[in-house]
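Trainee: Structure supplied as run-v6.cif; contents: mmCIF, C-alpha atoms.
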data_work
#
loop_
_atom_site.label_atom_id
_atom_site.label_comp_id
_atom_site.auth_asym_id
_atom_site.auth_seq_id
_atom_site.Cartn_x
_atom_site.Cartn_y
_atom_site.Cartn_z
CA MET A 1 -22.72 132.60 56.87
CA TRP A 2 -20.99 129.42 57.97
CA GLN A 3 -22.33 126.27 56.36
CA VAL A 4 -21.74 122.75 57.65
CA THR A 5 -20.73 120.56 54.75
CA ASP A 6 -19.24 117.61 56.62
CA LYS A 7 -21.86 114.84 56.59
CA LYS A 8 -20.23 113.07 59.55
CA LEU A 9 -20.44 116.26 61.62
CA MET A 10 -24.10 116.66 60.66
CA LYS A 11 -24.81 113.10 61.82
CA LYS A 12 -23.11 113.70 65.16
CA ARG A 13 -25.12 116.86 65.79
CA PRO A 14 -28.67 116.27 64.47
CA LEU A 15 -30.88 119.31 64.29
CA ARG A 16 -33.90 119.34 66.62
CA SER A 17 -37.29 119.75 64.98
CA ARG A 18 -39.47 122.77 65.65
CA THR A 19 -42.04 120.51 67.33
CA ASP A 20 -39.49 119.25 69.88
CA LEU A 21 -38.31 122.78 70.59
CA THR A 22 -41.87 124.07 70.97
CA THR A 23 -42.87 121.19 73.28
CA GLY A 24 -39.80 121.67 75.46
CA GLN A 25 -40.36 125.41 75.70
CA THR A 26 -44.05 124.88 76.56
CA ILE A 27 -43.18 122.46 79.38
CA ARG A 28 -40.55 124.80 80.81
CA LYS A 29 -42.93 127.77 80.67
CA ASP A 30 -45.67 125.75 82.33
CA LEU A 31 -43.31 124.61 85.10
CA ARG A 32 -42.13 128.18 85.73
CA ARG A 33 -45.67 129.55 85.69
CA ASN A 34 -47.36 126.83 87.80
CA TRP A 35 -44.52 125.61 90.01
CA ILE A 36 -46.58 126.23 93.15
CA ILE A 37 -49.35 123.93 91.89
CA TYR A 38 -46.82 121.19 91.06
CA LEU A 39 -45.29 121.64 94.50
CA MET A 40 -48.71 121.19 96.08
CA ALA A 41 -49.23 118.01 94.02
CA LEU A 42 -45.98 116.45 95.22
CA PRO A 43 -47.41 115.10 98.55
CA VAL A 44 -50.28 113.43 96.67
CA ILE A 45 -47.88 111.88 94.16
CA ALA A 46 -45.59 110.75 96.98
CA TYR A 47 -48.57 109.24 98.82
CA TYR A 48 -49.59 107.10 95.85
CA LEU A 49 -46.01 106.07 95.10
CA ILE A 50 -45.28 105.05 98.69
CA PHE A 51 -48.59 103.57 99.84
CA HIS A 52 -50.14 102.30 96.56
CA TYR A 53 -47.41 101.45 94.08
CA GLY A 54 -44.66 100.61 96.57
CA PRO A 55 -46.60 97.79 98.28
CA MET A 56 -47.19 96.14 94.88
CA TYR A 57 -43.75 94.63 95.40
CA GLY A 58 -45.47 92.39 97.97
CA LEU A 59 -47.53 90.73 95.19
CA LEU A 60 -44.58 88.38 94.78
CA ILE A 61 -45.84 86.36 97.75
CA ALA A 62 -48.79 85.22 95.61
CA PHE A 63 -46.26 83.10 93.70
CA LYS A 64 -44.31 81.98 96.76
CA ASP A 65 -44.90 79.89 99.86
CA TYR A 66 -44.41 82.94 102.03
CA SER A 67 -43.01 82.68 105.52
CA PRO A 68 -42.51 85.85 107.62
CA ALA A 69 -39.33 84.35 109.06
CA GLN A 70 -37.78 83.82 105.62
CA GLY A 71 -39.02 87.05 104.08
CA ILE A 72 -40.29 87.66 100.58
CA TRP A 73 -37.11 86.77 98.71
CA GLY A 74 -36.18 83.92 101.05
CA SER A 75 -39.51 82.13 100.66
CA PRO A 76 -39.58 79.36 98.02
CA TRP A 77 -41.26 79.87 94.65
CA VAL A 78 -44.39 77.80 94.05
CA GLY A 79 -45.64 79.37 90.81
CA PHE A 80 -49.42 79.23 90.33
CA LYS A 81 -50.03 76.74 93.14
CA HIS A 82 -52.19 79.11 95.21
CA PHE A 83 -54.21 80.21 92.18
CA ASP A 84 -54.87 76.57 91.32
CA SER A 85 -55.94 75.87 94.91
CA PHE A 86 -58.40 78.75 94.81
CA PHE A 87 -59.88 77.89 91.39
CA ASN A 88 -60.35 74.24 92.37
CA GLY A 89 -61.51 74.98 95.90
CA ILE A 90 -64.97 74.06 97.16
CA TYR A 91 -65.84 77.70 97.87
CA PHE A 92 -64.73 79.22 94.54
CA TRP A 93 -68.07 79.30 92.75
CA ARG A 94 -69.94 80.30 95.90
CA LEU A 95 -67.65 83.28 96.42
CA ILE A 96 -67.86 84.37 92.78
CA ARG A 97 -71.66 83.96 92.72
CA ASN A 98 -72.25 85.90 95.93
CA THR A 99 -69.84 88.70 95.02
CA VAL A 100 -71.24 89.16 91.52
CA LEU A 101 -74.90 88.94 92.60
CA ILE A 102 -74.54 91.47 95.42
CA ASN A 103 -72.78 93.91 93.07
CA PHE A 104 -75.29 93.23 90.29
CA TYR A 105 -78.25 93.97 92.58
CA ASP A 106 -76.53 97.09 93.84
CA LEU A 107 -75.89 98.19 90.25
CA LEU A 108 -79.43 97.34 89.19
CA PHE A 109 -81.22 99.10 92.05
CA GLY A 110 -78.67 101.34 93.77
CA PHE A 111 -77.11 102.99 90.72
CA PRO A 112 -80.39 104.35 89.24
CA ALA A 113 -81.63 105.35 92.72
CA ALA A 114 -79.16 108.26 93.01
CA ILE A 115 -80.02 109.43 89.47
CA LEU A 116 -83.75 109.28 90.21
CA LEU A 117 -83.33 111.24 93.45
CA ALA A 118 -81.30 113.93 91.64
CA LEU A 119 -84.00 114.25 88.96
CA LEU A 120 -86.73 114.53 91.61
CA LEU A 121 -84.78 117.11 93.62
CA ASN A 122 -84.22 119.13 90.46
CA GLU A 123 -88.00 119.41 89.99
CA ILE A 124 -88.62 120.84 93.48
CA ARG A 125 -89.20 124.58 93.25
CA LYS A 126 -89.54 125.39 96.97
CA MET A 127 -85.93 125.79 98.03
CA ALA A 128 -86.60 125.35 101.76
CA PHE A 129 -88.23 121.97 101.19
CA LYS A 130 -85.50 121.00 98.71
CA ARG A 131 -82.75 121.74 101.25
CA PHE A 132 -84.63 119.76 103.90
CA VAL A 133 -84.90 116.70 101.63
CA GLN A 134 -81.25 116.98 100.64
CA THR A 135 -80.14 117.19 104.27
CA ILE A 136 -82.22 114.18 105.27
CA SER A 137 -80.93 112.12 102.34
CA TYR A 138 -77.27 113.11 102.92
CA LEU A 139 -77.15 112.35 106.65
CA PRO A 140 -76.99 108.52 106.46
CA HIS A 141 -73.73 108.79 104.49
CA PHE A 142 -72.02 110.16 107.60
CA ILE A 143 -73.22 107.34 109.86
CA SER A 144 -70.55 104.77 110.62
CA ILE A 145 -70.96 101.31 109.10
CA VAL A 146 -70.76 99.87 112.63
CA VAL A 147 -73.71 102.03 113.67
CA VAL A 148 -75.66 101.05 110.54
CA ALA A 149 -75.05 97.36 111.30
CA GLY A 150 -76.21 97.94 114.88
CA MET A 151 -79.38 99.58 113.58
CA MET A 152 -80.00 96.58 111.32
CA PHE A 153 -79.68 94.23 114.28
CA ASP A 154 -82.08 96.34 116.36
CA PHE A 155 -84.69 96.64 113.62
CA LEU A 156 -84.46 93.12 112.19
CA SER A 157 -84.06 90.94 115.30
CA ARG A 158 -86.91 88.65 116.37
CA ASP A 159 -88.14 91.23 118.90
CA GLY A 160 -87.15 94.24 116.76
CA LEU A 161 -89.31 96.98 115.29
CA ILE A 162 -89.97 95.21 111.97
CA ASN A 163 -91.19 92.01 113.63
CA GLN A 164 -93.32 94.00 116.05
CA LEU A 165 -95.02 95.71 113.11
CA LEU A 166 -95.48 92.36 111.37
CA GLY A 167 -97.01 91.00 114.56
CA PHE A 168 -99.80 93.59 114.38
CA ILE A 169 -100.96 92.12 111.07
CA GLY A 170 -100.66 88.53 112.27
CA VAL A 171 -97.32 87.58 110.68
CA ASP A 172 -95.01 85.30 112.67
CA PRO A 173 -91.60 86.76 113.65
CA ILE A 174 -88.83 86.29 111.10
CA ASP A 175 -85.17 86.09 112.09
CA PHE A 176 -83.98 88.12 109.09
CA LEU A 177 -80.28 88.13 109.92
CA LYS A 178 -80.12 84.36 110.41
CA GLU A 179 -81.84 83.42 107.16
CA ALA A 180 -79.56 83.29 104.13
CA GLY A 181 -82.32 84.28 101.73
CA TRP A 182 -82.70 87.72 103.29
CA PHE A 183 -79.03 88.77 103.41
CA ARG A 184 -78.65 90.22 99.90
CA PHE A 185 -81.86 92.23 100.22
CA ILE A 186 -80.78 93.64 103.60
CA PHE A 187 -77.25 94.44 102.37
CA VAL A 188 -78.30 96.16 99.15
CA SER A 189 -81.29 98.05 100.59
CA SER A 190 -79.31 99.39 103.55
CA GLY A 191 -76.55 100.45 101.14
CA ILE A 192 -79.06 102.35 99.00
CA TRP A 193 -80.47 104.08 102.07
CA GLN A 194 -76.99 105.09 103.23
CA GLY A 195 -75.60 106.24 99.89
CA ILE A 196 -78.48 107.51 97.75
CA GLY A 197 -78.27 111.12 98.94
CA TRP A 198 -74.51 111.38 98.71
CA GLY A 199 -74.50 109.71 95.30
CA SER A 200 -77.01 112.23 93.94
CA ILE A 201 -74.64 115.18 94.52
CA ILE A 202 -72.58 114.56 91.38
CA TYR A 203 -75.73 114.30 89.24
CA LEU A 204 -77.17 117.51 90.72
CA ALA A 205 -73.90 119.25 89.87
CA SER A 206 -74.12 117.90 86.33
CA ILE A 207 -77.73 119.08 86.01
CA ALA A 208 -76.69 122.57 87.17
CA ASN A 209 -74.29 122.78 84.19
CA ILE A 210 -77.05 122.27 81.60
CA ASP A 211 -77.72 125.41 79.56
CA PRO A 212 -80.94 126.97 80.96
CA THR A 213 -81.83 128.37 77.53
CA LEU A 214 -82.63 124.81 76.45
CA TYR A 215 -85.42 124.67 79.02
CA GLU A 216 -86.70 128.10 77.97
CA ALA A 217 -86.83 127.01 74.33
CA ALA A 218 -88.62 123.80 75.32
CA LYS A 219 -91.23 125.78 77.28
CA ILE A 220 -91.86 128.02 74.29
CA ASP A 221 -92.41 124.90 72.17
CA GLY A 222 -94.95 123.66 74.73
CA ALA A 223 -92.87 120.85 76.26
CA SER A 224 -94.14 119.60 79.62
CA ARG A 225 -91.90 119.04 82.65
CA TRP A 226 -91.72 115.32 81.86
CA ARG A 227 -90.63 115.99 78.27
CA GLN A 228 -88.02 118.48 79.47
CA THR A 229 -86.67 115.84 81.82
CA PHE A 230 -86.51 113.09 79.20
CA HIS A 231 -85.25 115.22 76.30
CA ILE A 232 -82.98 117.76 78.05
CA THR A 233 -82.03 116.76 81.60
CA ILE A 234 -81.28 113.07 81.09
CA PRO A 235 -79.30 113.56 77.83
CA GLY A 236 -77.47 116.42 79.53
CA ILE A 237 -76.22 114.24 82.38
CA MET A 238 -75.67 111.12 80.23
CA PRO A 239 -71.85 111.58 80.04
CA THR A 240 -71.72 111.66 83.85
CA ILE A 241 -73.95 108.59 84.06
CA VAL A 242 -71.73 106.66 81.65
CA ILE A 243 -68.53 107.55 83.51
CA MET A 244 -70.03 106.57 86.86
CA LEU A 245 -71.31 103.31 85.34
CA ILE A 246 -67.83 102.47 84.02
CA LEU A 247 -66.31 103.14 87.45
CA ASN A 248 -68.95 100.95 89.10
CA MET A 249 -68.23 98.14 86.64
CA GLY A 250 -64.67 98.10 87.93
CA HIS A 251 -65.99 97.16 91.38
CA MET A 252 -68.10 94.20 90.28
CA LEU A 253 -65.85 91.81 92.21
CA SER A 254 -65.28 94.12 95.16
CA VAL A 255 -67.67 94.23 98.09
CA GLY A 256 -66.87 96.16 101.26
CA SER A 257 -65.79 93.51 103.74
CA GLU A 258 -66.54 95.62 106.83
CA LYS A 259 -70.30 95.64 106.41
CA VAL A 260 -70.50 91.98 105.42
CA LEU A 261 -68.36 90.97 108.40
CA LEU A 262 -70.66 92.90 110.74
CA LEU A 263 -73.88 91.45 109.33
CA TYR A 264 -73.13 87.86 108.32
CA ASN A 265 -72.78 84.70 110.38
CA PRO A 266 -72.18 80.99 109.61
CA LEU A 267 -75.90 80.53 108.94
CA THR A 268 -75.80 83.05 106.07
CA TYR A 269 -72.45 82.08 104.51
CA GLU A 270 -74.31 80.50 101.58
CA THR A 271 -75.42 83.91 100.29
CA ALA A 272 -73.23 86.32 102.29
CA ASP A 273 -69.69 85.01 101.99
CA VAL A 274 -67.81 87.08 99.37
CA ILE A 275 -64.22 87.25 98.16
CA SER A 276 -63.17 89.99 100.59
CA THR A 277 -64.52 88.18 103.67
CA TYR A 278 -62.94 84.91 102.53
CA VAL A 279 -59.60 86.70 102.16
CA TYR A 280 -60.00 88.10 105.67
CA ARG A 281 -60.70 84.68 107.20
CA LYS A 282 -57.91 82.92 105.33
CA GLY A 283 -55.33 85.67 105.49
CA ILE A 284 -55.80 87.17 108.94
CA LEU A 285 -57.40 84.40 110.97
CA GLU A 286 -55.58 81.45 109.36
CA ALA A 287 -52.39 83.33 108.36
CA SER A 288 -52.46 82.00 104.76
CA TYR A 289 -50.76 85.08 103.37
CA SER A 290 -49.68 83.71 100.00
CA PHE A 291 -53.07 82.14 99.27
CA THR A 292 -54.98 85.32 100.05
CA ALA A 293 -52.50 87.43 98.06
CA ALA A 294 -53.24 85.20 95.06
CA VAL A 295 -56.99 85.63 95.58
CA GLY A 296 -56.62 89.40 95.89
CA LEU A 297 -54.47 89.57 92.75
CA PHE A 298 -57.06 87.56 90.82
CA ASN A 299 -59.77 89.95 92.04
CA SER A 300 -57.76 93.01 90.96
CA VAL A 301 -56.98 91.62 87.49
CA ILE A 302 -60.64 90.78 86.82
CA SER A 303 -61.70 94.25 88.02
CA LEU A 304 -59.17 95.87 85.66
CA ILE A 305 -60.47 93.77 82.74
CA LEU A 306 -64.05 94.76 83.54
CA ILE A 307 -63.38 98.50 83.71
CA VAL A 308 -61.28 98.47 80.49
CA SER A 309 -63.97 96.43 78.70
CA ALA A 310 -66.75 98.75 79.90
CA ASN A 311 -64.78 101.77 78.70
CA ALA A 312 -64.14 100.16 75.31
CA ILE A 313 -67.82 99.26 74.87
CA SER A 314 -68.88 102.78 75.83
CA LYS A 315 -66.37 104.21 73.35
CA ARG A 316 -67.83 102.10 70.54
CA VAL A 317 -71.49 102.64 71.40
CA SER A 318 -71.33 106.33 72.30
CA GLU A 319 -68.87 109.22 72.42
CA ASN A 320 -68.63 109.04 76.21
CA LYS A 321 -65.61 107.32 77.76
CA LEU A 322 -63.43 107.48 80.85
CA TRP A 323 -60.18 107.77 78.91
#
Go ahead and express the file in the form of structure tokens.
Mentor:
Amino acid sequence: MWQVTDKKLMKKRPLRSRTDLTTGQTIRKDLRRNWIIYLMALPVIAYYLIFHYGPMYGLLIAFKDYSPAQGIWGSPWVGFKHFDSFFNGIYFWRLIRNTVLINFYDLLFGFPAAILLALLLNEIRKMAFKRFVQTISYLPHFISIVVVAGMMFDFLSRDGLINQLLGFIGVDPIDFLKEAGWFRFIFVSSGIWQGIGWGSIIYLASIANIDPTLYEAAKIDGASRWRQTFHITIPGIMPTIVIMLILNMGHMLSVGSEKVLLLYNPLTYETADVISTYVYRKGILEASYSFTAAVGLFNSVISLILIVSANAISKRVSENKLW
């Protein structure tokens, strides 16, 4: 047996640990065994690299006085000028208030609505009726936002269906879409109607994974349907609820601009104008690219902080977490 006694030679050629060898062999075996799956994942990885991470290079314009003629690198640096303009602007607190309140109301009423619908559907024993209810509740999800906005205009106009029904009981017509106080209610309630059925799918799938022997044992012990729901079903889907809640917390400063743009008008800016619509008006209509890039970057950073904080709190309070 040859033995290496030269210490210098041993330093030049360090021995690899068993853990490193095992890890390397495991990775190579996995690549050889599942190379087709990795090949299928390549387009998805390329998509995110090209269309999501690649454009992040453009965030530089948030710190520049960007001019399309000069390009990103040719435009002069201005540091945090655009951030300072936004924070000290007259619309800053209005935008933050409207964005947070709309998301808060949606989280308060819309988030539990899908859970409640899933629990109610789970209690239906007649499958034909259950499928009918599911179909009716899913359909609004497939309706275009433009069509939904058109329906809101038809129903809520001064001569619309709602005002006609109010007229029968002696109530004067209300111009819902031109009164700022009604906008948040209309936005959140129409969003619940459109998304409650689709949102319940993930909770129904989670309920289906609960061990049915738990319900059988509860029946033997004399537990009613309500007790089974509170002590088996809800705890069984709690990890899914927590994960969905964490994901929703990450969107607290993000409101879909399309629907707001279709429903709001200058008379409802006080309660309807949110960060995304302000970015649209400043960036697209007024061509303030650097300013709106700064606003969008601020929005993204706050959203990241919220989702990380929500995950950390969930990790401390319970065993459920996103990562």
Trainee: Would you translate the PyMOL selection byres ((chain A and resi 148) around 12) into the concrete set of residues it matches in this file, as number ranges by chain?
Mentor: A: 140-147, 149-156, 186-187, 189-191, 193-195, 258-260, 262-263
Trainee: Can you list, as a ChimeraX atom specification, the residues that the PyMOL selection byres ((chain A and resi 67-72) around 10) selects here?
Mentor: /A:57-61,64-66,73-77,287-290
Trainee: Please provide as a VMD selection string all residues within 12 Å of Leu306 (chain A), with the sequence filter that same-chain residues fewer than 3 positions apart are discarded (counting only C-alpha atoms).
Mentor: chain A and resid 245 to 254 299 to 303 309 to 313
Trainee: Could you please determine the separation between CA of Ala293 (chain A) and CA of Val279 (chain A) in Å, to one decimal place?
Mentor: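 Spanning CA of Ala293 (chain A) to CA of Val279 (chain A) is a straight-line distance of 8.2 Å.
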Trainee: Report as a list of chain:residue names all protein, DNA and RNA residues lying within 12 Å of Pro212 (chain A), evaluated on all atoms listed in the file, omitting residues in the same chain fewer than 4 positions from it.
Mentor: A:Ile207, A:Ala208, A:Glu216, A:Ala217, A:Ala218, A:Lys219, A:Gln228, A:Ile232, A:Thr233, A:Gly236
Trainee: Residues near region 114-121 of chain A, anyone? I mean within 6 Å using all atoms listed in the file, not counting same-chain ones fewer than 3 positions away, as a list of chain:residue names.
Mentor: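 Those residues are A:Ile124, A:Ile196, A:Gly199, A:Ser200, A:Leu204.
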Trainee: Could you list the residues chosen by the PyMOL selection byres ((chain A and resi 182) around 12) in this structure as a ChimeraX atom specification?
Mentor: /A:102,156,174-181,183-189,263-264,267-272
Trainee: Could you turn the residues from that selection into a file that holds C-alpha atoms, as an mmCIF file, keeping the file's coordinate frame?
Mentor:
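What landed in part.cif:
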data_model
loop_
_atom_site.group_PDB
_atom_site.id
_atom_site.type_symbol
_atom_site.label_atom_id
_atom_site.label_comp_id
_atom_site.auth_asym_id
_atom_site.auth_seq_id
_atom_site.Cartn_x
_atom_site.Cartn_y
_atom_site.Cartn_z
ATOM 1 C CA ILE A 102 -74.540 91.470 95.420
ATOM 2 C CA LEU A 156 -84.460 93.120 112.190
ATOM 3 C CA ILE A 174 -88.830 86.290 111.100
ATOM 4 C CA ASP A 175 -85.170 86.090 112.090
ATOM 5 C CA PHE A 176 -83.980 88.120 109.090
ATOM 6 C CA LEU A 177 -80.280 88.130 109.920
ATOM 7 C CA LYS A 178 -80.120 84.360 110.410
ATOM 8 C CA GLU A 179 -81.840 83.420 107.160
ATOM 9 C CA ALA A 180 -79.560 83.290 104.130
ATOM 10 C CA GLY A 181 -82.320 84.280 101.730
ATOM 11 C CA PHE A 183 -79.030 88.770 103.410
ATOM 12 C CA ARG A 184 -78.650 90.220 99.900
ATOM 13 C CA PHE A 185 -81.860 92.230 100.220
ATOM 14 C CA ILE A 186 -80.780 93.640 103.600
ATOM 15 C CA PHE A 187 -77.250 94.440 102.370
ATOM 16 C CA VAL A 188 -78.300 96.160 99.150
ATOM 17 C CA SER A 189 -81.290 98.050 100.590
ATOM 18 C CA LEU A 263 -73.880 91.450 109.330
ATOM 19 C CA TYR A 264 -73.130 87.860 108.320
ATOM 20 C CA LEU A 267 -75.900 80.530 108.940
ATOM 21 C CA THR A 268 -75.800 83.050 106.070
ATOM 22 C CA TYR A 269 -72.450 82.080 104.510
ATOM 23 C CA GLU A 270 -74.310 80.500 101.580
ATOM 24 C CA THR A 271 -75.420 83.910 100.290
ATOM 25 C CA ALA A 272 -73.230 86.320 102.290
#
Trainee: Can you work out which one of A:Ala294, A:Asp84, A:Ile305, A:Asn122 has the shortest atom-to-atom distance to Ile234 (chain A), counting only C-alpha atoms?
Mentor: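 Nearest candidate to Ile234 (chain A) out of A:Ala294, A:Asp84, A:Ile305, A:Asn122: A:Asn122.
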Trainee: Which residue, A:Ile243, A:Thr213, A:Ile37, A:Val274, has the smallest gap to Ser314 (chain A) when you use all atoms listed in the file?
Mentor: A:Ile243
Trainee: Applying 10 Å and all atoms listed in the file, which residues near His231 (chain A) remain after dropping the ones on its own chain fewer than 6 positions away? List them as an NGL selection string.
Mentor: :A and (214-215 or 218 or 223 or 225)
Trainee: Find the distance between CA of Pro266 (chain A) and CA of Phe104 (chain A) and write it in Å to one decimal.
Mentor: 23.1 Å
Trainee: Name all residues at most 9 Å from Leu261 (chain A) (count all atoms listed in the file; drop same-chain ones fewer than 5 positions away) and give them as a list in words.
Mentor: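 What passes the distance filter is Gly256, Asp273 and Thr277 of chain A.
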Trainee: Quick check, in Å to one decimal: how far apart do CA of Ile237 (chain A) and CA of Ser206 (chain A) lie?
Mentor: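 Distance reported for this atom pair: 5.8 Å.
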Trainee: Which of these, A:Trp226, A:Tyr278, A:Pro43, A:Ile169, has the shortest distance to Phe86 (chain A) once you count only C-alpha atoms?
Mentor: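 When distances to Phe86 (chain A) are compared using only C-alpha atoms, the smallest one comes from A:Tyr278.
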Trainee: Hey, can I get the axis-aligned box for region 219-229 of chain A? All listed atoms, 5 Å padding on each side, centre and edge lengths in Å to one decimal, as AutoDock Vina command-line options.
Mentor:
--center_x -90.8 --center_y 121.7 --center_z 77.4 --size_x 18.3 --size_y 22.7 --size_z 20.5
Trainee: Output region 186-194 of chain A from the block with all heavy atoms, as a PDB file, in the first residue's frame?
Mentor:
ATOM      1  N   ILE A 186     -68.520  48.721  -3.629  1.00  0.00           N
ATOM      2  CA  ILE A 186     -68.771  48.148  -4.960  1.00  0.00           C
ATOM      3  C   ILE A 186     -67.578  47.323  -5.418  1.00  0.00           C
ATOM      4  O   ILE A 186     -67.731  46.199  -5.928  1.00  0.00           O
ATOM      5  CB  ILE A 186     -69.074  49.269  -5.970  1.00  0.00           C
ATOM      6  CG1 ILE A 186     -70.396  49.958  -5.624  1.00  0.00           C
ATOM      7  CG2 ILE A 186     -69.121  48.725  -7.395  1.00  0.00           C
ATOM      8  CD1 ILE A 186     -70.657  51.218  -6.412  1.00  0.00           C
ATOM      9  N   PHE A 187     -66.364  47.845  -5.229  1.00  0.00           N
ATOM     10  CA  PHE A 187     -65.159  47.148  -5.681  1.00  0.00           C
ATOM     11  C   PHE A 187     -64.976  45.825  -4.946  1.00  0.00           C
ATOM     12  O   PHE A 187     -64.744  44.778  -5.564  1.00  0.00           O
ATOM     13  CB  PHE A 187     -63.940  48.051  -5.466  1.00  0.00           C
ATOM     14  CG  PHE A 187     -62.665  47.498  -6.005  1.00  0.00           C
ATOM     15  CD1 PHE A 187     -62.257  47.795  -7.295  1.00  0.00           C
ATOM     16  CD2 PHE A 187     -61.847  46.667  -5.237  1.00  0.00           C
ATOM     17  CE1 PHE A 187     -61.084  47.281  -7.808  1.00  0.00           C
ATOM     18  CE2 PHE A 187     -60.676  46.153  -5.734  1.00  0.00           C
ATOM     19  CZ  PHE A 187     -60.289  46.460  -7.023  1.00  0.00           C
ATOM     20  N   VAL A 188     -65.084  45.854  -3.627  1.00  0.00           N
ATOM     21  CA  VAL A 188     -64.840  44.645  -2.832  1.00  0.00           C
ATOM     22  C   VAL A 188     -65.944  43.615  -3.036  1.00  0.00           C
ATOM     23  O   VAL A 188     -65.675  42.419  -3.223  1.00  0.00           O
ATOM     24  CB  VAL A 188     -64.704  45.008  -1.337  1.00  0.00           C
ATOM     25  CG1 VAL A 188     -64.617  43.754  -0.483  1.00  0.00           C
ATOM     26  CG2 VAL A 188     -63.479  45.882  -1.116  1.00  0.00           C
ATOM     27  N   SER A 189     -67.206  44.051  -3.027  1.00  0.00           N
ATOM     28  CA  SER A 189     -68.319  43.104  -3.174  1.00  0.00           C
ATOM     29  C   SER A 189     -68.326  42.448  -4.554  1.00  0.00           C
ATOM     30  O   SER A 189     -68.572  41.247  -4.667  1.00  0.00           O
ATOM     31  CB  SER A 189     -69.654  43.807  -2.923  1.00  0.00           C
ATOM     32  OG  SER A 189     -69.833  44.892  -3.819  1.00  0.00           O
ATOM     33  N   SER A 190     -68.039  43.207  -5.595  1.00  0.00           N
ATOM     34  CA  SER A 190     -67.980  42.601  -6.933  1.00  0.00           C
ATOM     35  C   SER A 190     -66.802  41.646  -7.048  1.00  0.00           C
ATOM     36  O   SER A 190     -66.885  40.623  -7.732  1.00  0.00           O
ATOM     37  CB  SER A 190     -67.879  43.696  -8.002  1.00  0.00           C
ATOM     38  OG  SER A 190     -66.697  44.478  -7.834  1.00  0.00           O
ATOM     39  N   GLY A 191     -65.690  41.950  -6.355  1.00  0.00           N
ATOM     40  CA  GLY A 191     -64.554  41.036  -6.354  1.00  0.00           C
ATOM     41  C   GLY A 191     -64.866  39.733  -5.636  1.00  0.00           C
ATOM     42  O   GLY A 191     -64.439  38.656  -6.069  1.00  0.00           O
ATOM     43  N   ILE A 192     -65.619  39.821  -4.536  1.00  0.00           N
ATOM     44  CA  ILE A 192     -66.029  38.603  -3.825  1.00  0.00           C
ATOM     45  C   ILE A 192     -66.933  37.765  -4.710  1.00  0.00           C
ATOM     46  O   ILE A 192     -66.773  36.538  -4.804  1.00  0.00           O
ATOM     47  CB  ILE A 192     -66.735  38.973  -2.511  1.00  0.00           C
ATOM     48  CG1 ILE A 192     -65.745  39.632  -1.545  1.00  0.00           C
ATOM     49  CG2 ILE A 192     -67.352  37.735  -1.857  1.00  0.00           C
ATOM     50  CD1 ILE A 192     -66.390  40.174  -0.285  1.00  0.00           C
ATOM     51  N   TRP A 193     -67.892  38.397  -5.356  1.00  0.00           N
ATOM     52  CA  TRP A 193     -68.808  37.667  -6.245  1.00  0.00           C
ATOM     53  C   TRP A 193     -68.046  36.970  -7.365  1.00  0.00           C
ATOM     54  O   TRP A 193     -68.349  35.827  -7.719  1.00  0.00           O
ATOM     55  CB  TRP A 193     -69.828  38.647  -6.830  1.00  0.00           C
ATOM     56  CG  TRP A 193     -70.633  38.069  -7.954  1.00  0.00           C
ATOM     57  CD1 TRP A 193     -71.660  37.186  -7.857  1.00  0.00           C
ATOM     58  CD2 TRP A 193     -70.445  38.321  -9.356  1.00  0.00           C
ATOM     59  NE1 TRP A 193     -72.134  36.874  -9.117  1.00  0.00           N
ATOM     60  CE2 TRP A 193     -71.406  37.561 -10.056  1.00  0.00           C
ATOM     61  CE3 TRP A 193     -69.570  39.126 -10.090  1.00  0.00           C
ATOM     62  CZ2 TRP A 193     -71.513  37.578 -11.441  1.00  0.00           C
ATOM     63  CZ3 TRP A 193     -69.668  39.147 -11.469  1.00  0.00           C
ATOM     64  CH2 TRP A 193     -70.638  38.383 -12.125  1.00  0.00           C
ATOM     65  N   GLN A 194     -67.029  37.630  -7.907  1.00  0.00           N
ATOM     66  CA  GLN A 194     -66.302  37.067  -9.040  1.00  0.00           C
ATOM     67  C   GLN A 194     -65.311  35.981  -8.626  1.00  0.00           C
ATOM     68  O   GLN A 194     -65.043  35.062  -9.403  1.00  0.00           O
ATOM     69  CB  GLN A 194     -65.552  38.174  -9.789  1.00  0.00           C
ATOM     70  CG  GLN A 194     -64.970  37.727 -11.121  1.00  0.00           C
ATOM     71  CD  GLN A 194     -64.346  38.869 -11.886  1.00  0.00           C
ATOM     72  OE1 GLN A 194     -64.115  39.953 -11.343  1.00  0.00           O
ATOM     73  NE2 GLN A 194     -64.049  38.658 -13.153  1.00  0.00           N
TER      74      GLN A 194
END
